[in-house]
Amino acid sequence: MDAQGRGRADDIDPADQWVLNPDTGDYELRLQNSAPQSSTVPGPRSRRAAGAAAPPRGRAVPGRERKGTPEEAPEPGVPGPRRRRAPEAPPPGRRKGRPKKSRGKKILLWTGGTMAFLLVGTSTAGYLYWKHLNGNITSVSDDGAGTGGFSKDRAINVLLVGTDKRTGDGNNGYGDSDSPGHADTTVLLHVSKDRTNATAMSIPRDLITDIPDCPTEQEDGSTKVIPGTPNTRFNESLGQEGRTPSCTMRTVTALTGVTMDHFMIADFNAVKTLTAAVDGVDVCLAKDIDDPDSHLKLSKGEHSIQGEEALAFVRTRHSVGFGGDLSRIEIQQQFLSSLMRKLKSNDTLTSPTKMLKLAEAGTKALTVDSKISSITKLRDLGTELGKFPTKNLSFTTVPVADNPAEKVKATVVLQEAKAKEMFALIKDDVSLTAVKQEKKKEKAAEAARLKGSKADPADVRVRVLNGGAVAGSAQETLNWLQLEEGITKSENAGNAGATLKKTTVEYAPDQADQARRLADLMGLSGSAMKPGKSVTNSQGLPAITLTLGEDFKGAGVSLTTPSTAPEDVEKSTADKVECAK
């Protein structure tokens with residue numbers, strides 16, 4: 001971005017005067033009406049290039065003179081103010097000293113750990129090309145399908161979708177030229193509340209599921225409800241029948257029970273431009289591959305791929321595994337793991353040129369929901385999502401099986417039990433890696449609430465409220481407590497008036513034994529125990545309060561959340577190098 005035409009010179013931020021020279025690939029300081037002067041990295045403490053006429057130290061402000069240049073220094077022996085001497089140019093053949101980290105470079109490091117699609121959209125937002133990058137971003141309404149915004153004090157769910165819509169030059173060999181595109185590759189990225197870990201769950205495009213009705217904003221500002229389609233391929237949730245990414249969000253929520261915060265859509269060009277920006281991504285093959293469909297031809301072993309070759313790699317499926325979409329998902333997860341490692345490497349993070357290329361590529365190739373359609377919001381989101389280490393980023397796939405209704409296997413269906421277990425792990429913020437998600441003191445305090453004496457069921461007074469469970473849950477629970485568990489001093493108190501994610505028991509200190517009995521019967525964890533105050537039941541007597549949340553699964557069904565994922569969950573982590581088979 002040039003500083004020309006922005007008002008008085010004194011008002012110009014020097015950082016805005018650094019521009020990239022496309023011929024050299026370096027940054028140059030362009031003052032008003034001046035020629036390129038330097039090839040060093042911009043920043044508050046940047047050093048001048050050899051031989052350049054620049055102020056000794058500090059930030060150069062055009063139009064403002066500096067006193068004490070070397071030419072004005074007093075002669076030896078003549079008293080005068082101490083002045084710092086400008087650094088001399090290094091002699092030929094010697095390297096210049098490494099500059100100290102500038103504020104700009106620190107900003108790059110703050111966003112350096114973000115998931116591939118997110119990091120590239122925020123990398124240089126701190127100080128360079130702010131308005132230019134904002135102009136690159138394409139956004140679409142989420143039509144109310146998302147939460148409306150992420151928050152620092154809770155887990156974050158972002159839907160990443162790769163579409164097979166043919167856009168851009170050089171993509172004639174891919175996708176369907178007569179189609180508006182599909183949800184070809186879909187990943188639900190869940191980042192834990194404490195930001196120590198993340199789970200990237202792939203959803204097969206050929207999964208048979210129900211697509212719900214989708215209220216969708218039209219170009220004229222009106223809203224049209226696109227009718228849902230039962231028992232169809234998941235990839236039909238985008239593009240087809242005028243469906244936008246918000247419909248894919250609704251389909252994922254209906255399928256998993258997980259509400260999305262945001263979405264990001266990438267086309268074929270995203271893979272090509274992002275891999276080129278980091279000078280290639282390292283991949284490994286366990287065998288030779290020659291796939292005429294994806295145009296991938298690579299020998300066994302390790303390779304660095306970018307551009308068209310990278311796109312061919314993530315689209316190949318007939319030459320890996322069992323030759324289906326599930327095999328392609330595995331190779332895509334390996335690719336994303338490698339890209340993640342490359343993005344977090346020092347080679348990338350300390351190269352302003354690469355970071356600039358990444359920012360350009362990411363903002364041009366991605367379509368995001370309108371709630372994060374600015375570099376500022378992307379930067380804030382990226383900062384949150386970039387806190388977990390690669391070893392704690394787990395890739396997994398929705399558990400599925402071949403569709404038993406088909407003689408020629410073309411689609412898949414959920415493995416109901418395993419899929420529900422997987423969805424529950426994400427909803428309950430349970431890591432697939434060995435990560436401690438709670439502080440020891442907090443965990444110990446919650447466990448202590450369950451220890452101690454338990455009141456006799458006949459002595460437990462409880463009011464049951466529905467705070468997010470399905471209709472009729474309060475009465476169902478009341479019947480179970482009275483008829484099967486002997487808690488006869490219980491009553492249905494109706495709706496809670498607010499929706500809760502988790503079922504809770506609130507009690508006064510002298511009612512702890514009653515709360516422990518109720519928690520034991522319902523299989524509640526210590527985190528569900530909420531010390532507070534007593535309430536009065538319909539007879540005017542003190543009682544504890546049981547509020548059924550969205551996690552309620554039925555009377556008598558335990559609500560204890562597992563602290564770790566089952567050992568048989570299939571997963572891989574982003575820190576490990578694997579070879580595609």
# chains A, B, ... in the order shown; residues from 1 in each chain; ligands from 1

call {"tool": "residues_around", "arguments": {"residues": "segment 523-532 of chain A", "least_positions_apart": "3", "cutoff": "6 Å", "atoms": "only C-alpha atoms", "output": "compact mmCIF listing (two decimals) with N, CA, C and O atoms, in the first residue's frame"}}
result
# COMPACT_ATOMS: atom_id res chain seq x y z
N GLU A 446 -14.35 -30.19 41.80
CA GLU A 446 -15.56 -30.82 41.27
C GLU A 446 -15.72 -32.24 41.79
O GLU A 446 -16.83 -32.67 42.13
N ALA A 447 -14.62 -32.97 41.85
CA ALA A 447 -14.69 -34.35 42.35
C ALA A 447 -15.09 -34.38 43.82
O ALA A 447 -15.81 -35.30 44.26
N ARG A 449 -17.17 -32.56 45.34
CA ARG A 449 -18.60 -32.35 45.53
C ARG A 449 -19.38 -33.66 45.58
O ARG A 449 -20.47 -33.72 46.13
N LEU A 450 -18.82 -34.69 45.02
CA LEU A 450 -19.50 -35.98 44.99
C LEU A 450 -19.17 -36.83 46.21
O LEU A 450 -19.77 -37.89 46.41
N THR A 504 -27.95 -29.64 35.36
CA THR A 504 -27.34 -29.18 36.61
C THR A 504 -28.24 -29.47 37.81
O THR A 504 -29.46 -29.62 37.69
N VAL A 505 -27.58 -29.53 38.98
CA VAL A 505 -28.29 -29.64 40.26
C VAL A 505 -27.81 -28.50 41.14
O VAL A 505 -26.62 -28.41 41.46
N GLU A 506 -28.71 -27.60 41.52
CA GLU A 506 -28.35 -26.48 42.38
C GLU A 506 -28.88 -26.74 43.78
O GLU A 506 -30.03 -27.17 43.95
N TYR A 507 -28.05 -26.45 44.79
CA TYR A 507 -28.41 -26.79 46.16
C TYR A 507 -27.72 -25.85 47.14
O TYR A 507 -26.68 -25.25 46.83
N ALA A 508 -28.31 -25.76 48.34
CA ALA A 508 -27.70 -24.98 49.42
C ALA A 508 -26.70 -25.87 50.16
O ALA A 508 -26.75 -27.10 50.05
N ALA A 519 -27.39 -36.89 42.21
CA ALA A 519 -26.31 -37.02 41.23
C ALA A 519 -25.94 -38.47 41.02
O ALA A 519 -25.65 -38.91 39.89
N ASP A 520 -25.94 -39.24 42.10
CA ASP A 520 -25.60 -40.66 42.01
C ASP A 520 -26.64 -41.42 41.18
O ASP A 520 -26.30 -42.26 40.34
N SER A 558 -27.27 -42.41 32.26
CA SER A 558 -26.17 -41.68 32.91
C SER A 558 -25.72 -40.49 32.08
O SER A 558 -25.63 -40.57 30.84
N LEU A 559 -25.41 -39.39 32.75
CA LEU A 559 -24.95 -38.18 32.08
C LEU A 559 -23.48 -37.89 32.35
O LEU A 559 -22.99 -36.80 32.07
N THR A 560 -22.77 -38.86 32.90
CA THR A 560 -21.35 -38.66 33.17
C THR A 560 -20.59 -38.54 31.87
O THR A 560 -20.68 -39.40 30.99

call {"tool": "select_by_dssp", "arguments": {"residues": "segment 124-352 of chain A", "states": "alpha helix (DSSP H)", "output": "PyMOL selection string"}}
result
chain A and resi 130-136+245-256+268-277+307-315+325-343+346-349+352

call {"tool": "write_last_selection", "arguments": {"atoms": "C-alpha atoms", "output": "short mmCIF file (atom, residue, chain, number, x, y, z; two decimals), in the first residue's frame"}}
result
data_model
loop_
_atom_site.label_atom_id
_atom_site.label_comp_id
_atom_site.auth_asym_id
_atom_site.auth_seq_id
_atom_site.Cartn_x
_atom_site.Cartn_y
_atom_site.Cartn_z
CA TRP A 130 -4.92 -4.04 5.83
CA LYS A 131 -7.42 -2.45 3.49
CA HIS A 132 -6.08 -4.34 0.50
CA LEU A 133 -6.59 -7.71 2.22
CA ASN A 134 -10.04 -6.68 3.42
CA GLY A 135 -10.94 -6.04 -0.21
CA ASN A 136 -9.89 -9.57 -1.12
CA PRO A 245 -22.80 -22.75 2.93
CA SER A 246 -25.35 -21.95 5.63
CA CYS A 247 -27.31 -25.01 4.50
CA THR A 248 -24.22 -27.17 4.91
CA MET A 249 -23.90 -25.76 8.43
CA ARG A 250 -27.50 -26.70 9.20
CA THR A 251 -26.95 -30.19 7.80
CA VAL A 252 -23.87 -30.72 9.96
CA THR A 253 -25.68 -29.53 13.08
CA ALA A 254 -28.66 -31.81 12.34
CA LEU A 255 -26.27 -34.72 11.80
CA THR A 256 -23.91 -34.23 14.76
CA PHE A 268 -9.51 -25.70 -6.19
CA ASN A 269 -7.36 -22.60 -6.39
CA ALA A 270 -6.90 -22.50 -2.61
CA VAL A 271 -4.79 -25.66 -2.60
CA LYS A 272 -2.71 -24.49 -5.54
CA THR A 273 -2.02 -20.98 -4.29
CA LEU A 274 -1.45 -21.86 -0.63
CA THR A 275 1.08 -24.59 -1.38
CA ALA A 276 2.90 -22.32 -3.81
CA ALA A 277 3.03 -19.56 -1.20
CA GLY A 307 0.29 -25.92 -7.35
CA GLU A 308 -1.35 -28.33 -9.80
CA GLU A 309 0.53 -31.30 -8.37
CA ALA A 310 -0.75 -30.55 -4.86
CA LEU A 311 -4.32 -30.32 -6.13
CA ALA A 312 -3.92 -33.64 -7.91
CA PHE A 313 -2.59 -35.16 -4.68
CA VAL A 314 -5.60 -34.20 -2.54
CA ARG A 315 -8.04 -35.27 -5.26
CA ASP A 325 -13.74 -41.41 -1.04
CA LEU A 326 -12.72 -42.68 2.42
CA SER A 327 -9.23 -43.36 1.11
CA ARG A 328 -9.11 -39.87 -0.35
CA ILE A 329 -10.09 -38.46 3.05
CA GLU A 330 -7.07 -40.18 4.61
CA ILE A 331 -4.67 -38.71 2.07
CA GLN A 332 -6.22 -35.27 2.53
CA GLN A 333 -5.73 -35.51 6.29
CA GLN A 334 -2.07 -36.40 5.76
CA PHE A 335 -1.73 -33.43 3.42
CA LEU A 336 -3.32 -31.02 5.92
CA SER A 337 -1.05 -32.34 8.68
CA SER A 338 1.98 -31.62 6.53
CA LEU A 339 0.68 -28.19 5.54
CA MET A 340 0.08 -27.40 9.20
CA ARG A 341 3.66 -28.34 10.07
CA LYS A 342 4.97 -26.21 7.22
CA LEU A 343 2.91 -23.20 8.26
CA ASN A 346 10.31 -21.13 11.49
CA ASP A 347 11.07 -21.12 7.78
CA THR A 348 7.57 -19.82 7.15
CA LEU A 349 6.92 -17.70 10.23
CA PRO A 352 7.60 -11.83 5.65
#

call {"tool": "closest_residue", "arguments": {"among": "A:Asn235, A:Thr573, A:Ser490, A:Ser151", "to": "Leu546 of chain A", "atoms": "only C-alpha atoms"}}
result
A:Ser490

call {"tool": "closest_residue", "arguments": {"among": "A:Thr396, A:Thr316, A:Thr547, A:Asn157", "to": "Gly257 of chain A", "atoms": "only C-alpha atoms"}}
result
A:Asn157

call {"tool": "atom_distance", "arguments": {"atom1": "atom CA of Ser294 of chain A", "atom2": "atom CA of Asp206 of chain A"}}
result
18.4 Å

call {"tool": "atom_distance", "arguments": {"atom1": "atom CA of Phe234 of chain A", "atom2": "atom CA of Asp142 of chain A"}}
result
18.3 Å

call {"tool": "select_by_dssp", "arguments": {"residues": "segment 392-440 of chain A", "states": "strand (DSSP E or B)", "output": "PyMOL selection string"}}
result
chain A and resi 393-397+400-402+412-414

call {"tool": "write_last_selection", "arguments": {"atoms": "N, CA, C and O atoms", "output": "mmCIF file, in the first residue's frame"}}
result
data_model
loop_
_atom_site.group_PDB
_atom_site.id
_atom_site.type_symbol
_atom_site.label_atom_id
_atom_site.label_comp_id
_atom_site.auth_asym_id
_atom_site.auth_seq_id
_atom_site.Cartn_x
_atom_site.Cartn_y
_atom_site.Cartn_z
ATOM 1 N N LEU A 393 -3.453 -31.789 17.643
ATOM 2 C CA LEU A 393 -4.468 -31.653 16.600
ATOM 3 C C LEU A 393 -4.740 -33.047 16.048
ATOM 4 O O LEU A 393 -3.882 -33.647 15.394
ATOM 5 N N SER A 394 -5.915 -33.572 16.315
ATOM 6 C CA SER A 394 -6.283 -34.931 15.894
ATOM 7 C C SER A 394 -7.184 -34.896 14.677
ATOM 8 O O SER A 394 -8.153 -34.135 14.633
ATOM 9 N N PHE A 395 -6.867 -35.730 13.691
ATOM 10 C CA PHE A 395 -7.724 -35.907 12.519
ATOM 11 C C PHE A 395 -8.480 -37.225 12.660
ATOM 12 O O PHE A 395 -7.897 -38.260 12.997
ATOM 13 N N THR A 396 -9.758 -37.180 12.399
ATOM 14 C CA THR A 396 -10.571 -38.384 12.447
ATOM 15 C C THR A 396 -11.678 -38.269 11.411
ATOM 16 O O THR A 396 -11.835 -37.219 10.762
ATOM 17 N N THR A 397 -12.452 -39.327 11.233
ATOM 18 C CA THR A 397 -13.533 -39.349 10.239
ATOM 19 C C THR A 397 -14.794 -39.887 10.890
ATOM 20 O O THR A 397 -14.725 -40.781 11.749
ATOM 21 N N VAL A 400 -18.455 -44.670 9.565
ATOM 22 C CA VAL A 400 -19.455 -45.042 8.572
ATOM 23 C C VAL A 400 -19.238 -46.483 8.108
ATOM 24 O O VAL A 400 -18.199 -47.092 8.382
ATOM 25 N N ALA A 401 -20.223 -46.994 7.386
ATOM 26 C CA ALA A 401 -20.143 -48.330 6.794
ATOM 27 C C ALA A 401 -20.805 -48.282 5.422
ATOM 28 O O ALA A 401 -21.570 -47.356 5.116
ATOM 29 N N ASP A 402 -20.503 -49.255 4.575
ATOM 30 C CA ASP A 402 -21.136 -49.317 3.255
ATOM 31 C C ASP A 402 -22.646 -49.368 3.396
ATOM 32 O O ASP A 402 -23.186 -49.988 4.324
ATOM 33 N N VAL A 412 -22.334 -44.386 1.752
ATOM 34 C CA VAL A 412 -22.104 -44.936 3.087
ATOM 35 C C VAL A 412 -23.180 -44.435 4.041
ATOM 36 O O VAL A 412 -23.855 -43.439 3.770
ATOM 37 N N VAL A 413 -23.323 -45.131 5.165
ATOM 38 C CA VAL A 413 -24.277 -44.743 6.206
ATOM 39 C C VAL A 413 -23.544 -44.715 7.539
ATOM 40 O O VAL A 413 -22.452 -45.272 7.677
ATOM 41 N N LEU A 414 -24.133 -44.060 8.521
ATOM 42 C CA LEU A 414 -23.512 -43.964 9.835
ATOM 43 C C LEU A 414 -23.430 -45.321 10.519
ATOM 44 O O LEU A 414 -24.339 -46.148 10.412
#

call {"tool": "residues_around", "arguments": {"residues": "Gly239 of chain A", "least_positions_apart": "5", "cutoff": "10 Å", "atoms": "only C-alpha atoms", "output": "VMD selection string"}}
result
chain A and resid 163 to 165 179 to 183 244 to 245 247 to 248

call {"tool": "write_last_selection", "arguments": {"atoms": "N, CA and C atoms", "output": "mmCIF file, in the first residue's frame"}}
result
data_model
loop_
_atom_site.group_PDB
_atom_site.id
_atom_site.type_symbol
_atom_site.label_atom_id
_atom_site.label_comp_id
_atom_site.auth_asym_id
_atom_site.auth_seq_id
_atom_site.Cartn_x
_atom_site.Cartn_y
_atom_site.Cartn_z
ATOM 1 N N THR A 163 -15.047 -27.026 -2.078
ATOM 2 C CA THR A 163 -16.056 -27.250 -3.100
ATOM 3 C C THR A 163 -15.417 -27.668 -4.420
ATOM 4 N N ASP A 164 -16.127 -28.477 -5.186
ATOM 5 C CA ASP A 164 -15.607 -28.918 -6.488
ATOM 6 C C ASP A 164 -16.119 -28.027 -7.627
ATOM 7 N N LYS A 165 -16.617 -26.850 -7.262
ATOM 8 C CA LYS A 165 -17.060 -25.927 -8.299
ATOM 9 C C LYS A 165 -15.867 -25.481 -9.121
ATOM 10 N N SER A 179 -22.133 -27.698 -13.029
ATOM 11 C CA SER A 179 -22.689 -27.742 -11.673
ATOM 12 C C SER A 179 -22.245 -26.537 -10.863
ATOM 13 N N PRO A 180 -23.109 -26.058 -9.951
ATOM 14 C CA PRO A 180 -22.709 -24.967 -9.055
ATOM 15 C C PRO A 180 -21.798 -25.452 -7.936
ATOM 16 N N GLY A 181 -21.453 -26.731 -7.969
ATOM 17 C CA GLY A 181 -20.537 -27.269 -6.974
ATOM 18 C C GLY A 181 -21.232 -28.053 -5.879
ATOM 19 N N HIS A 182 -20.439 -28.824 -5.136
ATOM 20 C CA HIS A 182 -20.935 -29.624 -4.026
ATOM 21 C C HIS A 182 -20.024 -29.407 -2.816
ATOM 22 N N ALA A 183 -20.459 -29.957 -1.673
ATOM 23 C CA ALA A 183 -19.594 -30.011 -0.491
ATOM 24 C C ALA A 183 -18.679 -31.213 -0.668
ATOM 25 N N THR A 244 -26.627 -22.594 -0.072
ATOM 26 C CA THR A 244 -25.406 -21.869 0.248
ATOM 27 C C THR A 244 -24.698 -22.573 1.410
ATOM 28 N N PRO A 245 -23.510 -22.104 1.805
ATOM 29 C CA PRO A 245 -22.802 -22.747 2.930
ATOM 30 C C PRO A 245 -23.610 -22.824 4.219
ATOM 31 N N CYS A 247 -26.541 -23.756 4.536
ATOM 32 C CA CYS A 247 -27.307 -25.007 4.504
ATOM 33 C C CYS A 247 -26.414 -26.190 4.886
ATOM 34 N N THR A 248 -25.149 -26.132 4.486
ATOM 35 C CA THR A 248 -24.215 -27.169 4.909
ATOM 36 C C THR A 248 -24.031 -27.119 6.419
#

call {"tool": "residues_around", "arguments": {"residues": "Val368 of chain A", "least_positions_apart": "5", "cutoff": "8 Å", "atoms": "only C-alpha atoms", "output": "CSV table (one decimal) with C-alpha atoms, in the first residue's frame"}}
result
chain,number,residue,atom,x,y,z
A,137,ILE,CA,-12.4,-11.2,1.2
A,138,THR,CA,-15.6,-12.7,-0.1
A,139,SER,CA,-18.4,-13.3,2.4
A,140,VAL,CA,-21.8,-15.0,2.4
A,262,HIS,CA,-18.4,-20.0,11.4
A,263,PHE,CA,-17.6,-21.5,8.0
A,264,MET,CA,-14.9,-21.1,5.5
A,265,ILE,CA,-15.2,-22.3,1.9
A,373,SER,CA,-15.6,-10.9,6.9

call {"tool": "atom_distance", "arguments": {"atom1": "atom CA of Ala574 of chain A", "atom2": "atom CA of Val191 of chain A"}}
result
14.1 Å

call {"tool": "residues_around", "arguments": {"residues": "Ile487 of chain A", "least_positions_apart": "5", "cutoff": "6 Å", "atoms": "only C-alpha atoms", "output": "list of chain:residue names"}}
result
A:Pro457, A:Ala458, A:Leu481, A:Gln482

call {"tool": "write_last_selection", "arguments": {"atoms": "all heavy atoms", "output": "PDB file, in the first residue's frame"}}
result
ATOM      1  N   PRO A 457     -33.341 -41.585  49.748  1.00  0.00           N
ATOM      2  CA  PRO A 457     -34.200 -41.071  48.680  1.00  0.00           C
ATOM      3  C   PRO A 457     -35.492 -40.430  49.185  1.00  0.00           C
ATOM      4  O   PRO A 457     -35.966 -39.433  48.612  1.00  0.00           O
ATOM      5  CB  PRO A 457     -34.489 -42.317  47.839  1.00  0.00           C
ATOM      6  CG  PRO A 457     -33.277 -43.173  48.035  1.00  0.00           C
ATOM      7  CD  PRO A 457     -32.878 -42.946  49.470  1.00  0.00           C
ATOM      8  N   ALA A 458     -36.029 -40.972  50.260  1.00  0.00           N
ATOM      9  CA  ALA A 458     -37.290 -40.433  50.786  1.00  0.00           C
ATOM     10  C   ALA A 458     -37.115 -39.039  51.379  1.00  0.00           C
ATOM     11  O   ALA A 458     -38.106 -38.318  51.574  1.00  0.00           O
ATOM     12  CB  ALA A 458     -37.865 -41.383  51.837  1.00  0.00           C
ATOM     13  N   LEU A 481     -38.231 -40.834  38.983  1.00  0.00           N
ATOM     14  CA  LEU A 481     -37.766 -40.596  40.342  1.00  0.00           C
ATOM     15  C   LEU A 481     -38.750 -41.121  41.380  1.00  0.00           C
ATOM     16  O   LEU A 481     -38.368 -41.747  42.382  1.00  0.00           O
ATOM     17  CB  LEU A 481     -37.547 -39.096  40.571  1.00  0.00           C
ATOM     18  CG  LEU A 481     -36.357 -38.450  39.849  1.00  0.00           C
ATOM     19  CD1 LEU A 481     -36.374 -36.932  40.061  1.00  0.00           C
ATOM     20  CD2 LEU A 481     -35.037 -39.033  40.343  1.00  0.00           C
ATOM     21  N   GLN A 482     -40.051 -40.891  41.150  1.00  0.00           N
ATOM     22  CA  GLN A 482     -41.055 -41.275  42.140  1.00  0.00           C
ATOM     23  C   GLN A 482     -41.340 -42.779  42.125  1.00  0.00           C
ATOM     24  O   GLN A 482     -41.412 -43.413  43.188  1.00  0.00           O
ATOM     25  CB  GLN A 482     -42.349 -40.498  41.892  1.00  0.00           C
ATOM     26  CG  GLN A 482     -42.238 -39.015  42.164  1.00  0.00           C
ATOM     27  CD  GLN A 482     -43.548 -38.283  41.970  1.00  0.00           C
ATOM     28  OE1 GLN A 482     -44.471 -38.788  41.320  1.00  0.00           O
ATOM     29  NE2 GLN A 482     -43.650 -37.073  42.519  1.00  0.00           N
TER      30      GLN A 482
END

call {"tool": "closest_residue", "arguments": {"among": "A:Ala496, A:Asn403, A:Arg516, A:Val430", "to": "Ala448 of chain A", "atoms": "only C-alpha atoms"}}
result
A:Arg516
